[in-house]
>>> print(open('start37.cif').read())   # mmCIF, C-alpha atoms
data_entry
loop_
_atom_site.label_atom_id
_atom_site.label_comp_id
_atom_site.auth_asym_id
_atom_site.auth_seq_id
_atom_site.Cartn_x
_atom_site.Cartn_y
_atom_site.Cartn_z
CA MET A 21 23.75 -16.18 6.06
CA LYS A 22 20.13 -16.57 7.17
CA ARG A 23 18.54 -19.97 6.51
CA LEU A 24 15.07 -20.46 5.06
CA GLY A 25 12.80 -23.46 5.45
CA ILE A 26 10.20 -23.71 2.68
CA LEU A 27 6.99 -25.69 3.19
CA LEU A 28 4.95 -26.65 0.14
CA SER A 29 2.35 -29.12 -1.08
CA GLY A 30 2.24 -28.47 -4.83
CA ARG A 31 4.35 -26.89 -7.53
CA GLY A 32 5.50 -24.16 -5.17
CA SER A 33 5.79 -21.38 -7.70
CA ASN A 34 6.51 -18.96 -4.87
CA PHE A 35 9.32 -21.24 -3.74
CA GLN A 36 10.81 -21.05 -7.23
CA ALA A 37 10.53 -17.25 -7.26
CA ILE A 38 12.36 -17.09 -3.92
CA ALA A 39 15.08 -19.44 -5.20
CA ASP A 40 15.41 -17.29 -8.33
CA GLN A 41 15.80 -14.13 -6.26
CA ILE A 42 18.49 -15.78 -4.15
CA GLY A 43 20.20 -17.03 -7.31
CA ALA A 44 20.15 -13.52 -8.76
CA GLY A 45 21.74 -12.10 -5.62
CA ALA A 46 18.63 -10.04 -4.84
CA LEU A 47 17.89 -11.89 -1.59
CA ASP A 48 20.70 -12.58 0.84
CA ALA A 49 19.63 -15.96 2.26
CA ARG A 50 20.01 -19.68 1.75
CA ILE A 51 17.27 -22.26 1.33
CA ALA A 52 18.27 -24.77 4.02
CA VAL A 53 15.43 -27.19 3.36
CA VAL A 54 12.32 -27.62 1.21
CA ILE A 55 9.68 -29.80 2.87
CA SER A 56 6.66 -31.16 1.06
CA SER A 57 3.56 -32.54 2.75
CA ARG A 58 2.70 -34.50 -0.40
CA THR A 59 4.77 -37.20 -2.06
CA GLN A 60 3.75 -36.12 -5.54
CA ALA A 61 4.38 -32.38 -5.16
CA PRO A 62 6.14 -31.11 -8.30
CA GLY A 63 7.92 -28.57 -6.08
CA LEU A 64 9.87 -31.42 -4.49
CA GLU A 65 11.25 -32.55 -7.83
CA ILE A 66 12.11 -28.96 -8.74
CA ALA A 67 13.99 -28.55 -5.46
CA HIS A 68 15.95 -31.74 -6.23
CA ARG A 69 16.86 -30.49 -9.67
CA ARG A 70 18.06 -27.21 -8.18
CA GLY A 71 20.35 -29.20 -5.88
CA LEU A 72 18.45 -28.17 -2.76
CA ASN A 73 17.87 -30.25 0.34
CA ALA A 74 14.39 -31.60 -0.43
CA VAL A 75 12.53 -33.57 2.19
CA CYS A 76 9.28 -35.43 1.66
CA LEU A 77 7.25 -35.55 4.85
CA PRO A 78 3.83 -36.94 3.93
CA SER A 79 1.08 -35.68 6.18
CA LYS A 80 -1.55 -38.18 5.10
CA ASN A 81 -3.39 -39.87 7.99
CA LEU A 82 -1.27 -38.14 10.62
CA GLU A 83 -2.83 -36.12 13.43
CA ARG A 84 -2.01 -32.43 13.25
CA GLU A 85 0.33 -32.25 16.27
CA VAL A 86 2.10 -35.50 15.47
CA TYR A 87 2.86 -34.17 12.02
CA ASP A 88 3.79 -30.73 13.28
CA ARG A 89 6.36 -32.23 15.67
CA GLN A 90 8.04 -34.03 12.77
CA LEU A 91 7.99 -30.80 10.80
CA ALA A 92 9.53 -28.79 13.65
CA ASP A 93 12.25 -31.45 14.06
CA VAL A 94 13.28 -31.23 10.39
CA LEU A 95 13.28 -27.42 10.50
CA ARG A 96 15.40 -27.37 13.68
CA ASP A 97 17.82 -29.99 12.31
CA ASN A 98 18.34 -27.60 9.41
CA GLN A 99 18.79 -24.59 11.72
CA VAL A 100 16.12 -22.61 9.94
CA ASP A 101 15.81 -18.90 10.80
CA LEU A 102 12.56 -18.30 8.95
CA VAL A 103 9.80 -20.65 7.79
CA CYS A 104 8.12 -19.71 4.50
CA LEU A 105 4.85 -21.32 3.48
CA ALA A 106 4.54 -21.59 -0.30
CA GLY A 107 1.28 -23.31 -1.07
CA PHE A 108 1.41 -25.52 2.03
CA MET A 109 -2.06 -27.05 2.16
CA ARG A 110 -2.26 -27.79 5.86
CA LEU A 111 -3.27 -25.77 8.88
CA LEU A 112 -0.45 -25.53 11.40
CA SER A 113 -1.19 -26.21 15.06
CA GLY A 114 -0.91 -23.58 17.77
CA TRP A 115 1.93 -25.66 19.16
CA PHE A 116 3.89 -25.37 15.92
CA VAL A 117 3.28 -21.62 15.63
CA ARG A 118 4.56 -21.15 19.19
CA GLN A 119 7.81 -22.95 18.30
CA PHE A 120 8.60 -20.25 15.72
CA PRO A 121 7.05 -17.06 17.06
CA MET A 122 6.96 -14.36 14.35
CA ARG A 123 9.24 -16.61 12.33
CA ILE A 124 6.66 -18.05 9.93
CA LEU A 125 5.52 -16.22 6.81
CA ASN A 126 2.68 -17.07 4.47
CA ILE A 127 1.45 -15.57 1.23
CA HIS A 128 -2.25 -15.41 0.46
CA PRO A 129 -3.83 -14.47 -2.89
CA SER A 130 -6.14 -11.73 -1.62
CA LEU A 131 -5.94 -8.34 0.05
CA LEU A 132 -6.56 -9.66 3.55
CA PRO A 133 -8.70 -9.31 5.63
CA ALA A 134 -10.88 -9.77 2.54
CA PHE A 135 -11.32 -13.34 1.28
CA PRO A 136 -9.37 -15.54 3.70
CA GLY A 137 -9.39 -19.30 3.24
CA LEU A 138 -9.61 -21.38 0.10
CA ASP A 139 -10.22 -20.15 -3.45
CA ALA A 140 -9.57 -16.51 -2.60
CA GLN A 141 -9.51 -15.46 -6.27
CA HIS A 142 -12.85 -17.16 -6.86
CA GLN A 143 -14.29 -15.45 -3.79
CA ALA A 144 -13.03 -12.09 -5.10
CA LEU A 145 -14.59 -12.58 -8.54
CA ASP A 146 -17.89 -13.72 -7.03
CA HIS A 147 -17.96 -10.68 -4.77
CA GLY A 148 -17.37 -8.43 -7.75
CA VAL A 149 -14.40 -6.48 -6.37
CA LYS A 150 -12.52 -4.27 -8.83
CA ILE A 151 -9.20 -4.46 -6.98
CA ALA A 152 -7.68 -7.76 -5.88
CA GLY A 153 -4.18 -8.61 -4.72
CA CYS A 154 -2.00 -10.60 -2.37
CA THR A 155 -0.71 -10.44 1.17
CA VAL A 156 2.45 -11.64 2.91
CA HIS A 157 1.75 -12.02 6.61
CA PHE A 158 3.14 -13.57 9.75
CA VAL A 159 1.39 -16.80 10.63
CA ASP A 160 -0.40 -16.90 13.96
CA GLU A 161 -2.86 -19.43 15.31
CA ASN A 162 -5.76 -18.15 13.24
CA LEU A 163 -6.33 -18.69 9.53
CA ASP A 164 -4.78 -16.02 7.29
CA ALA A 165 -4.86 -13.59 10.20
CA GLY A 166 -1.35 -12.62 11.43
CA PRO A 167 0.28 -9.18 11.10
CA ILE A 168 0.73 -8.07 7.48
CA VAL A 169 4.24 -7.44 6.12
CA LEU A 170 3.44 -6.45 2.54
CA GLN A 171 0.50 -6.32 0.14
CA ALA A 172 0.19 -5.67 -3.58
CA ALA A 173 -2.93 -4.71 -5.54
CA VAL A 174 -3.98 -5.66 -9.06
CA PRO A 175 -7.04 -4.62 -11.09
CA VAL A 176 -9.85 -7.08 -11.73
CA LEU A 177 -10.86 -6.83 -15.38
CA ASP A 178 -14.35 -7.36 -16.72
CA GLY A 179 -13.38 -10.42 -18.72
CA ASP A 180 -11.43 -12.07 -15.90
CA THR A 181 -11.73 -15.73 -15.10
CA VAL A 182 -10.28 -17.35 -11.98
CA ASP A 183 -7.26 -18.34 -14.11
CA SER A 184 -6.55 -14.92 -15.60
CA LEU A 185 -6.99 -13.17 -12.24
CA SER A 186 -4.86 -15.77 -10.45
CA ALA A 187 -2.06 -15.30 -12.99
CA ARG A 188 -2.11 -11.52 -12.51
CA ILE A 189 -1.99 -11.91 -8.72
CA LEU A 190 0.74 -14.58 -8.89
CA GLU A 191 3.07 -12.16 -10.66
CA GLN A 192 2.77 -9.85 -7.66
CA GLU A 193 3.14 -12.75 -5.21
CA HIS A 194 6.49 -13.60 -6.76
CA ARG A 195 7.59 -10.00 -6.38
CA ILE A 196 6.51 -9.24 -2.82
CA TYR A 197 7.28 -12.54 -1.11
CA SER A 198 11.05 -12.15 -1.51
CA GLN A 199 10.75 -8.50 -0.57
CA ALA A 200 8.91 -9.40 2.64
CA ILE A 201 11.44 -12.11 3.48
CA ARG A 202 14.21 -9.52 3.10
CA ILE A 203 12.42 -7.13 5.48
CA VAL A 204 11.94 -9.82 8.10
CA LEU A 205 15.47 -11.24 7.82
CA GLU A 206 17.02 -7.78 8.10
CA GLY A 207 14.95 -7.23 11.22
CA LYS A 208 14.44 -3.55 10.52
CA TYR A 209 10.81 -3.44 11.57
CA ARG A 210 8.70 -3.47 14.68
CA VAL A 211 5.20 -4.75 15.36
CA GLU A 212 2.81 -2.26 16.98
CA GLY A 213 -0.49 -3.95 17.72
CA ARG A 214 -1.17 -5.56 14.36
CA ARG A 215 0.90 -3.05 12.37
CA VAL A 216 4.26 -4.05 10.95
CA VAL A 217 6.16 -0.75 10.80
CA ARG A 218 9.51 -0.47 9.06
CA SER A 219 12.37 1.29 10.77
CA PRO A 220 12.95 4.86 9.53
CA ASP A 221 16.38 4.12 8.03
CA THR A 222 15.03 1.64 5.46
CA ALA A 223 13.85 2.74 2.06
CA TYR A 224 10.27 1.74 1.23
CA MET B 3 -29.83 15.48 -19.27
CA LYS B 4 -29.81 13.02 -16.35
CA ARG B 5 -30.69 14.42 -12.96
CA LEU B 6 -28.78 13.68 -9.76
CA GLY B 7 -30.04 13.86 -6.19
CA ILE B 8 -27.24 14.27 -3.65
CA LEU B 9 -27.75 13.29 -0.01
CA LEU B 10 -25.30 14.58 2.58
CA SER B 11 -24.97 15.29 6.29
CA GLY B 12 -21.66 17.18 6.48
CA ARG B 13 -19.36 19.15 4.24
CA GLY B 14 -20.01 16.78 1.33
CA SER B 15 -16.59 16.97 -0.26
CA ASN B 16 -17.64 14.27 -2.69
CA PHE B 17 -20.65 16.39 -3.62
CA GLN B 18 -18.29 19.28 -4.42
CA ALA B 19 -16.07 17.03 -6.53
CA ILE B 20 -19.13 15.87 -8.50
CA ALA B 21 -20.28 19.48 -8.98
CA ASP B 22 -16.76 20.41 -10.15
CA GLN B 23 -16.72 17.59 -12.68
CA ILE B 24 -20.10 18.68 -14.02
CA GLY B 25 -18.88 22.28 -14.16
CA ALA B 26 -15.78 21.20 -16.09
CA GLY B 27 -17.93 19.34 -18.60
CA ALA B 28 -16.44 15.98 -17.61
CA LEU B 29 -19.73 14.60 -16.33
CA ASP B 30 -22.86 15.04 -18.40
CA ALA B 31 -25.50 15.44 -15.68
CA ARG B 32 -27.30 18.04 -13.63
CA ILE B 33 -27.59 18.22 -9.84
CA ALA B 34 -31.35 18.49 -9.45
CA VAL B 35 -31.32 18.67 -5.65
CA VAL B 36 -28.95 18.52 -2.68
CA ILE B 37 -30.63 17.26 0.48
CA SER B 38 -29.04 17.46 3.91
CA SER B 39 -30.19 15.47 6.93
CA ARG B 40 -28.58 18.04 9.23
CA THR B 41 -29.46 21.72 9.53
CA GLN B 42 -25.85 22.72 10.12
CA ALA B 43 -24.25 20.74 7.27
CA PRO B 44 -21.66 22.95 5.54
CA GLY B 45 -22.49 21.15 2.29
CA LEU B 46 -25.92 22.82 2.33
CA GLU B 47 -24.38 26.29 2.43
CA ILE B 48 -21.94 25.33 -0.33
CA ALA B 49 -24.84 24.10 -2.48
CA HIS B 50 -26.62 27.43 -1.92
CA ARG B 51 -23.53 29.38 -2.93
CA ARG B 52 -23.24 27.31 -6.09
CA GLY B 53 -26.82 28.24 -6.95
CA LEU B 54 -28.08 24.69 -6.55
CA ASN B 55 -31.45 23.61 -5.26
CA ALA B 56 -30.53 22.90 -1.61
CA VAL B 57 -33.09 21.33 0.69
CA CYS B 58 -32.70 20.90 4.42
CA LEU B 59 -34.62 17.86 5.62
CA PRO B 60 -33.64 17.32 9.27
CA SER B 61 -33.81 13.70 10.31
CA LYS B 62 -33.59 14.33 14.03
CA ASN B 63 -36.20 12.46 16.10
CA LEU B 64 -37.89 11.04 13.02
CA GLU B 65 -38.46 7.34 12.61
CA ARG B 66 -36.54 5.83 9.71
CA GLU B 67 -39.47 5.14 7.40
CA VAL B 68 -41.21 8.42 8.14
CA TYR B 69 -38.04 10.24 7.21
CA ASP B 70 -37.38 8.06 4.19
CA ARG B 71 -40.83 8.82 2.80
CA GLN B 72 -40.13 12.56 3.00
CA LEU B 73 -36.79 11.95 1.32
CA ALA B 74 -38.34 9.93 -1.50
CA ASP B 75 -40.97 12.65 -2.03
CA VAL B 76 -38.33 15.37 -2.46
CA LEU B 77 -36.32 13.19 -4.83
CA ARG B 78 -39.39 12.36 -6.92
CA ASP B 79 -40.52 16.00 -6.99
CA ASN B 80 -37.12 16.76 -8.49
CA GLN B 81 -37.36 13.90 -11.01
CA VAL B 82 -34.07 12.43 -9.91
CA ASP B 83 -32.57 9.67 -12.08
CA LEU B 84 -29.80 8.69 -9.68
CA VAL B 85 -29.37 9.18 -5.93
CA CYS B 86 -25.77 9.77 -4.77
CA LEU B 87 -24.89 9.49 -1.08
CA ALA B 88 -22.03 11.80 -0.17
CA GLY B 89 -21.40 11.44 3.53
CA PHE B 90 -25.06 10.82 4.35
CA MET B 91 -24.95 9.67 7.98
CA ARG B 92 -28.16 7.69 8.06
CA LEU B 93 -29.06 4.14 7.20
CA LEU B 94 -31.72 3.99 4.52
CA SER B 95 -34.69 1.69 5.01
CA GLY B 96 -35.41 -1.30 2.81
CA TRP B 97 -38.53 0.56 1.71
CA PHE B 98 -36.45 3.48 0.45
CA VAL B 99 -33.97 1.25 -1.36
CA ARG B 100 -36.85 -0.52 -3.13
CA GLN B 101 -38.15 2.84 -4.41
CA PHE B 102 -34.91 3.38 -6.34
CA PRO B 103 -33.68 -0.10 -7.30
CA MET B 104 -30.05 0.02 -8.53
CA ARG B 105 -30.47 3.81 -8.65
CA ILE B 106 -28.61 4.67 -5.40
CA LEU B 107 -24.82 4.95 -5.22
CA ASN B 108 -22.62 5.31 -2.17
CA ILE B 109 -18.90 5.80 -1.70
CA HIS B 110 -17.09 4.13 1.17
CA PRO B 111 -13.49 4.81 2.26
CA SER B 112 -12.24 1.21 2.18
CA LEU B 113 -11.72 -1.59 -0.28
CA LEU B 114 -14.98 -3.37 0.52
CA PRO B 115 -15.72 -6.03 1.67
CA ALA B 116 -12.91 -5.08 4.09
CA PHE B 117 -13.80 -2.55 6.79
CA PRO B 118 -17.48 -1.75 6.31
CA GLY B 119 -19.20 0.63 8.71
CA LEU B 120 -17.86 3.60 10.61
CA ASP B 121 -14.25 4.77 10.81
CA ALA B 122 -13.07 2.59 7.94
CA GLN B 123 -9.68 4.30 7.73
CA HIS B 124 -9.14 3.77 11.47
CA GLN B 125 -10.12 0.11 11.10
CA ALA B 126 -7.64 -0.26 8.24
CA LEU B 127 -4.77 1.29 10.21
CA ASP B 128 -5.54 -0.85 13.27
CA HIS B 129 -5.60 -3.97 11.13
CA GLY B 130 -2.22 -3.07 9.69
CA VAL B 131 -3.12 -3.35 6.00
CA LYS B 132 -0.56 -2.01 3.51
CA ILE B 133 -3.12 -1.21 0.81
CA ALA B 134 -6.27 0.79 1.51
CA GLY B 135 -8.70 2.49 -0.85
CA CYS B 136 -12.29 3.35 -1.61
CA THR B 137 -15.35 1.79 -3.19
CA VAL B 138 -18.32 3.12 -5.13
CA HIS B 139 -21.19 0.66 -4.87
CA PHE B 140 -24.90 0.35 -5.43
CA VAL B 141 -26.83 0.62 -2.19
CA ASP B 142 -28.91 -2.37 -1.20
CA GLU B 143 -30.62 -3.16 2.08
CA ASN B 144 -27.40 -4.19 3.83
CA LEU B 145 -24.66 -1.91 5.13
CA ASP B 146 -21.93 -1.16 2.56
CA ALA B 147 -22.79 -4.33 0.71
CA GLY B 148 -24.27 -3.72 -2.75
CA PRO B 149 -22.62 -4.52 -6.10
CA ILE B 150 -19.35 -2.64 -6.64
CA VAL B 151 -19.03 -0.21 -9.57
CA LEU B 152 -15.46 1.01 -9.05
CA GLN B 153 -12.63 0.80 -6.53
CA ALA B 154 -9.30 2.56 -6.18
CA ALA B 155 -6.30 1.52 -4.09
CA VAL B 156 -3.76 3.64 -2.21
CA PRO B 157 -0.70 2.62 -0.20
CA VAL B 158 -0.71 2.84 3.59
CA LEU B 159 2.57 4.39 4.71
CA ASP B 160 4.38 3.57 7.94
CA GLY B 161 3.94 7.07 9.35
CA ASP B 162 0.25 7.31 8.47
CA THR B 163 -2.33 8.69 10.86
CA VAL B 164 -6.08 8.47 10.29
CA ASP B 165 -5.91 12.00 8.87
CA SER B 166 -3.08 11.41 6.40
CA LEU B 167 -4.56 8.12 5.20
CA SER B 168 -8.05 9.64 4.92
CA ALA B 169 -6.68 12.50 2.80
CA ARG B 170 -4.93 10.08 0.43
CA ILE B 171 -8.12 8.02 0.07
CA LEU B 172 -10.31 11.12 -0.36
CA GLU B 173 -8.31 12.16 -3.42
CA GLN B 174 -9.26 8.85 -5.04
CA GLU B 175 -12.88 9.16 -3.87
CA HIS B 176 -13.18 12.45 -5.73
CA ARG B 177 -11.80 10.82 -8.84
CA ILE B 178 -13.82 7.57 -8.97
CA TYR B 179 -17.20 8.79 -7.75
CA SER B 180 -17.82 10.90 -10.88
CA GLN B 181 -16.42 8.12 -13.03
CA ALA B 182 -18.85 5.63 -11.47
CA ILE B 183 -21.79 8.03 -11.89
CA ARG B 184 -20.91 8.34 -15.57
CA ILE B 185 -20.86 4.54 -16.00
CA VAL B 186 -24.25 4.16 -14.32
CA LEU B 187 -25.90 7.09 -16.13
CA GLU B 188 -24.66 5.85 -19.51
CA GLY B 189 -26.14 2.46 -18.66
CA LYS B 190 -23.42 0.56 -20.47
CA TYR B 191 -23.04 -2.16 -17.87
CA ARG B 192 -24.82 -5.23 -16.66
CA VAL B 193 -24.95 -6.88 -13.23
CA GLU B 194 -24.10 -10.60 -13.15
CA GLY B 195 -24.59 -11.94 -9.65
CA ARG B 196 -22.69 -9.35 -7.67
CA ARG B 197 -20.39 -8.36 -10.55
CA VAL B 198 -20.89 -5.06 -12.36
CA VAL B 199 -19.52 -5.76 -15.84
CA ARG B 200 -19.07 -2.98 -18.37
CA SER B 201 -20.29 -3.45 -21.90
CA PRO B 202 -17.54 -4.35 -24.40
CA ASP B 203 -17.88 -1.12 -26.42
CA THR B 204 -16.90 1.13 -23.50
CA ALA B 205 -13.29 2.00 -22.82
CA TYR B 206 -12.11 1.10 -19.31
#
>>> encode(input="start37.cif", output="structure tokens")
Amino acid sequence: MKRLGILLSGRGSNFQAIADQIGAGALDARIAVVISSRTQAPGLEIAHRRGLNAVCLPSKNLEREVYDRQLADVLRDNQVDLVCLAGFMRLLSGWFVRQFPMRILNIHPSLLPAFPGLDAQHQALDHGVKIAGCTVHFVDENLDAGPIVLQAAVPVLDGDTVDSLSARILEQEHRIYSQAIRIVLEGKYRVEGRRVVRSPDTAY
Amino acid sequence: MKRLGILLSGRGSNFQAIADQIGAGALDARIAVVISSRTQAPGLEIAHRRGLNAVCLPSKNLEREVYDRQLADVLRDNQVDLVCLAGFMRLLSGWFVRQFPMRILNIHPSLLPAFPGLDAQHQALDHGVKIAGCTVHFVDENLDAGPIVLQAAVPVLDGDTVDSLSARILEQEHRIYSQAIRIVLEGKYRVEGRRVVRSPDTAY
């Protein structure tokens, strides 16, 4: 069974959705380790309660590459096949990305390439878009920029606040992240340029 | 009845969709004039056949503002309430835009702010997005940048070419352009920052 390493810094609601999908038998994988960059991350406590291997690896005051080497060590010790970022509030170094080529996924609350970076939902509302969404993508050395595995769209409503829009997007995040993990773990895709194309024998 | 001025340079399939909606009684407006920047535009011939006031105003070799003044004259002579770009392959000057403030609409085949400019569908495929779409927006002095009235999303499929994706998007263009014109003509909206917000008494 394929082994996931989850990196988080907060409550990790996407982590919980992935764990739920695994628990329901909808995703054939095991969470080998949950690593938090913050001591106080609620996601760490939730991982404990679920009986998962939860590791606190505080990033505070550490240089990027020093931290990233510790992170890579823990992931390797746990023989992780795929690294999933779930609200991990740290940029990963090029060195780290090269240790796990096309083996790191992230989810971002916008239809990339629109609104990369922080506060994507706020950016979307300020811009006045009528369609927002989320994106699961491979992590490369640039911010929110790697090849896209899946996206989902949601409407922006006239009365939306950052909270109401974020909640609508989050529902889709929880749905497509596990779906994207399944695609990548099954390996039935190829990358052409920036396009992630599924193999013909898989249903869409 | 409100009067539309349509600007095109090619076949103007969005112009035809608007004319069809008016013909079907779904859009309460009249096409006062269709202006083409190219002598050979098929949209001009189609306008003639539909018995519309079709004006050929070739832009070739004319400086932007000289041309834009001719354009504004024809639109004013026809007492146009709203200017609709439908494949008009010319940038409009700041002067022109200021003559018709928040009275010019354009449709663009991407979910702006992603993929402005030429060949938006090609840009989207190259970028590997999984959701594409189209945007109706007010025209301001920047390229594909004014406040957004409506957007529609479509999936990008693994086997898509520029042609197949463009056709899927075009279907949505034909649907939302008339819808956006109706919103603007009815005037039941306000612009807050960049957000176009519909008045509470209108159905979405």
>>> resolve_selection(input="start37.cif", expression="the PyMOL selection byres ((chain A) within 6 of (chain B))", output="list in words")
Ala134, His147, Gly148, Lys150, Gln171, Asp178, Arg214, Arg215 and Val217 of chain A
>>> resolve_selection(input="start37.cif", expression="the PyMOL selection byres ((chain A and resi 104-111) around 9)", output="list in words")
Leu24, Gly25, Ile26, Leu27, Leu28, Ser29, Gly30, Arg31, Gly32, Ser33, Asn34, Phe35, Ser56, Ser57, Ser79, Arg84, Leu102, Val103, Leu112, Ser113, Arg123, Ile124, Leu125, Asn126, Ile127, His128, Leu163 and Ile201 of chain A
>>> write_last_selection(input="start37.cif", atoms="C-alpha atoms", output="compact mmCIF listing (two decimals), in the frame of the given file")
# COMPACT_ATOMS: atom_id res chain seq x y z
CA LEU A 24 15.07 -20.46 5.06
CA GLY A 25 12.80 -23.46 5.45
CA ILE A 26 10.20 -23.71 2.68
CA LEU A 27 6.99 -25.69 3.19
CA LEU A 28 4.95 -26.65 0.14
CA SER A 29 2.35 -29.12 -1.08
CA GLY A 30 2.24 -28.47 -4.83
CA ARG A 31 4.35 -26.89 -7.53
CA GLY A 32 5.50 -24.16 -5.17
CA SER A 33 5.79 -21.38 -7.70
CA ASN A 34 6.51 -18.96 -4.87
CA PHE A 35 9.32 -21.24 -3.74
CA SER A 56 6.66 -31.16 1.06
CA SER A 57 3.56 -32.54 2.75
CA SER A 79 1.08 -35.68 6.18
CA ARG A 84 -2.01 -32.43 13.25
CA LEU A 102 12.56 -18.30 8.95
CA VAL A 103 9.80 -20.65 7.79
CA LEU A 112 -0.45 -25.53 11.40
CA SER A 113 -1.19 -26.21 15.06
CA ARG A 123 9.24 -16.61 12.33
CA ILE A 124 6.66 -18.05 9.93
CA LEU A 125 5.52 -16.22 6.81
CA ASN A 126 2.68 -17.07 4.47
CA ILE A 127 1.45 -15.57 1.23
CA HIS A 128 -2.25 -15.41 0.46
CA LEU A 163 -6.33 -18.69 9.53
CA ILE A 201 11.44 -12.11 3.48
>>> residues_around(input="start37.cif", residues="Arg177 in chain B", least_positions_apart="5", cutoff="10 Å", atoms="all atoms listed in the file", output="mmCIF file with C-alpha atoms, keeping the file's coordinate frame")
data_model
loop_
_atom_site.group_PDB
_atom_site.id
_atom_site.type_symbol
_atom_site.label_atom_id
_atom_site.label_comp_id
_atom_site.auth_asym_id
_atom_site.auth_seq_id
_atom_site.Cartn_x
_atom_site.Cartn_y
_atom_site.Cartn_z
ATOM 1 C CA ASN B 16 -17.640 14.270 -2.690
ATOM 2 C CA ALA B 19 -16.070 17.030 -6.530
ATOM 3 C CA ILE B 20 -19.130 15.870 -8.500
ATOM 4 C CA GLN B 23 -16.720 17.590 -12.680
ATOM 5 C CA ALA B 154 -9.300 2.560 -6.180
ATOM 6 C CA LEU B 172 -10.310 11.120 -0.360
ATOM 7 C CA ALA B 182 -18.850 5.630 -11.470
#
>>> atom_distance(input="start37.cif", atom1="CA of Gly96 in chain B", atom2="CA of Ile185 in chain B")
24.5 Å
>>> atom_distance(input="start37.cif", atom1="CA of Arg100 in chain B", atom2="CA of Leu120 in chain B")
23.8 Å
>>> atom_distance(input="start37.cif", atom1="CA of Glu83 in chain A", atom2="CA of Val117 in chain A")
15.9 Å
>>> residues_around(input="start37.cif", residues="Arg70 in chain A", least_positions_apart="2", cutoff="12 Å", atoms="all atoms listed in the file", output="list in words")
Phe35, Gln36, Ala39, Asp40, Gly43, Ile51, Val53, Val54, Gly63, Leu64, Glu65, Ile66, Ala67, His68, Leu72, Asn73 and Ala74 of chain A
>>> residues_around(input="start37.cif", residues="Val164 in chain B", least_positions_apart="4", cutoff="10 Å", atoms="all atoms listed in the file", output="JSON, numbers by chain")
{"B": [121, 122, 123, 124, 125, 126, 127, 128, 168, 169]}
>>> resolve_selection(input="start37.cif", expression="the PyMOL selection byres ((chain B and resi 60) around 10)", output="VMD selection string")
chain B and resid 11 37 to 42 57 to 59 61 to 64 69
>>> build_atoms(input="start37.cif", residues="range 119-128 of chain A", atoms="N, CA, C and O atoms", output="CSV table (one decimal), in the coordinates of the input")
chain,number,residue,atom,x,y,z
A,119,GLN,N,6.4,-22.6,18.4
A,119,GLN,CA,7.8,-23.0,18.3
A,119,GLN,C,8.6,-21.9,17.5
A,119,GLN,O,9.8,-21.8,17.6
A,120,PHE,N,7.9,-21.2,16.6
A,120,PHE,CA,8.6,-20.2,15.7
A,120,PHE,C,7.9,-18.9,15.8
A,120,PHE,O,7.3,-18.5,14.8
A,121,PRO,N,7.9,-18.3,16.9
A,121,PRO,CA,7.0,-17.1,17.1
A,121,PRO,C,7.5,-15.9,16.1
A,121,PRO,O,8.7,-15.6,16.1
A,122,MET,N,6.6,-15.4,15.3
A,122,MET,CA,7.0,-14.4,14.4
A,122,MET,C,8.1,-14.8,13.4
A,122,MET,O,8.9,-13.9,12.9
A,123,ARG,N,8.2,-16.1,13.2
A,123,ARG,CA,9.2,-16.6,12.3
A,123,ARG,C,8.6,-17.5,11.2
A,123,ARG,O,9.3,-18.3,10.7
A,124,ILE,N,7.3,-17.3,11.0
A,124,ILE,CA,6.7,-18.0,9.9
A,124,ILE,C,5.9,-17.0,9.1
A,124,ILE,O,5.2,-16.2,9.5
A,125,LEU,N,6.2,-17.1,7.8
A,125,LEU,CA,5.5,-16.2,6.8
A,125,LEU,C,4.6,-17.1,5.9
A,125,LEU,O,4.9,-18.2,5.6
A,126,ASN,N,3.5,-16.4,5.5
A,126,ASN,CA,2.7,-17.1,4.5
A,126,ASN,C,2.3,-16.0,3.4
A,126,ASN,O,2.4,-14.8,3.7
A,127,ILE,N,2.0,-16.5,2.2
A,127,ILE,CA,1.4,-15.6,1.2
A,127,ILE,C,0.1,-16.0,0.9
A,127,ILE,O,-0.2,-17.2,0.7
A,128,HIS,N,-0.9,-15.1,0.7
A,128,HIS,CA,-2.2,-15.4,0.5
A,128,HIS,C,-2.7,-14.6,-0.7
A,128,HIS,O,-2.5,-13.4,-0.8
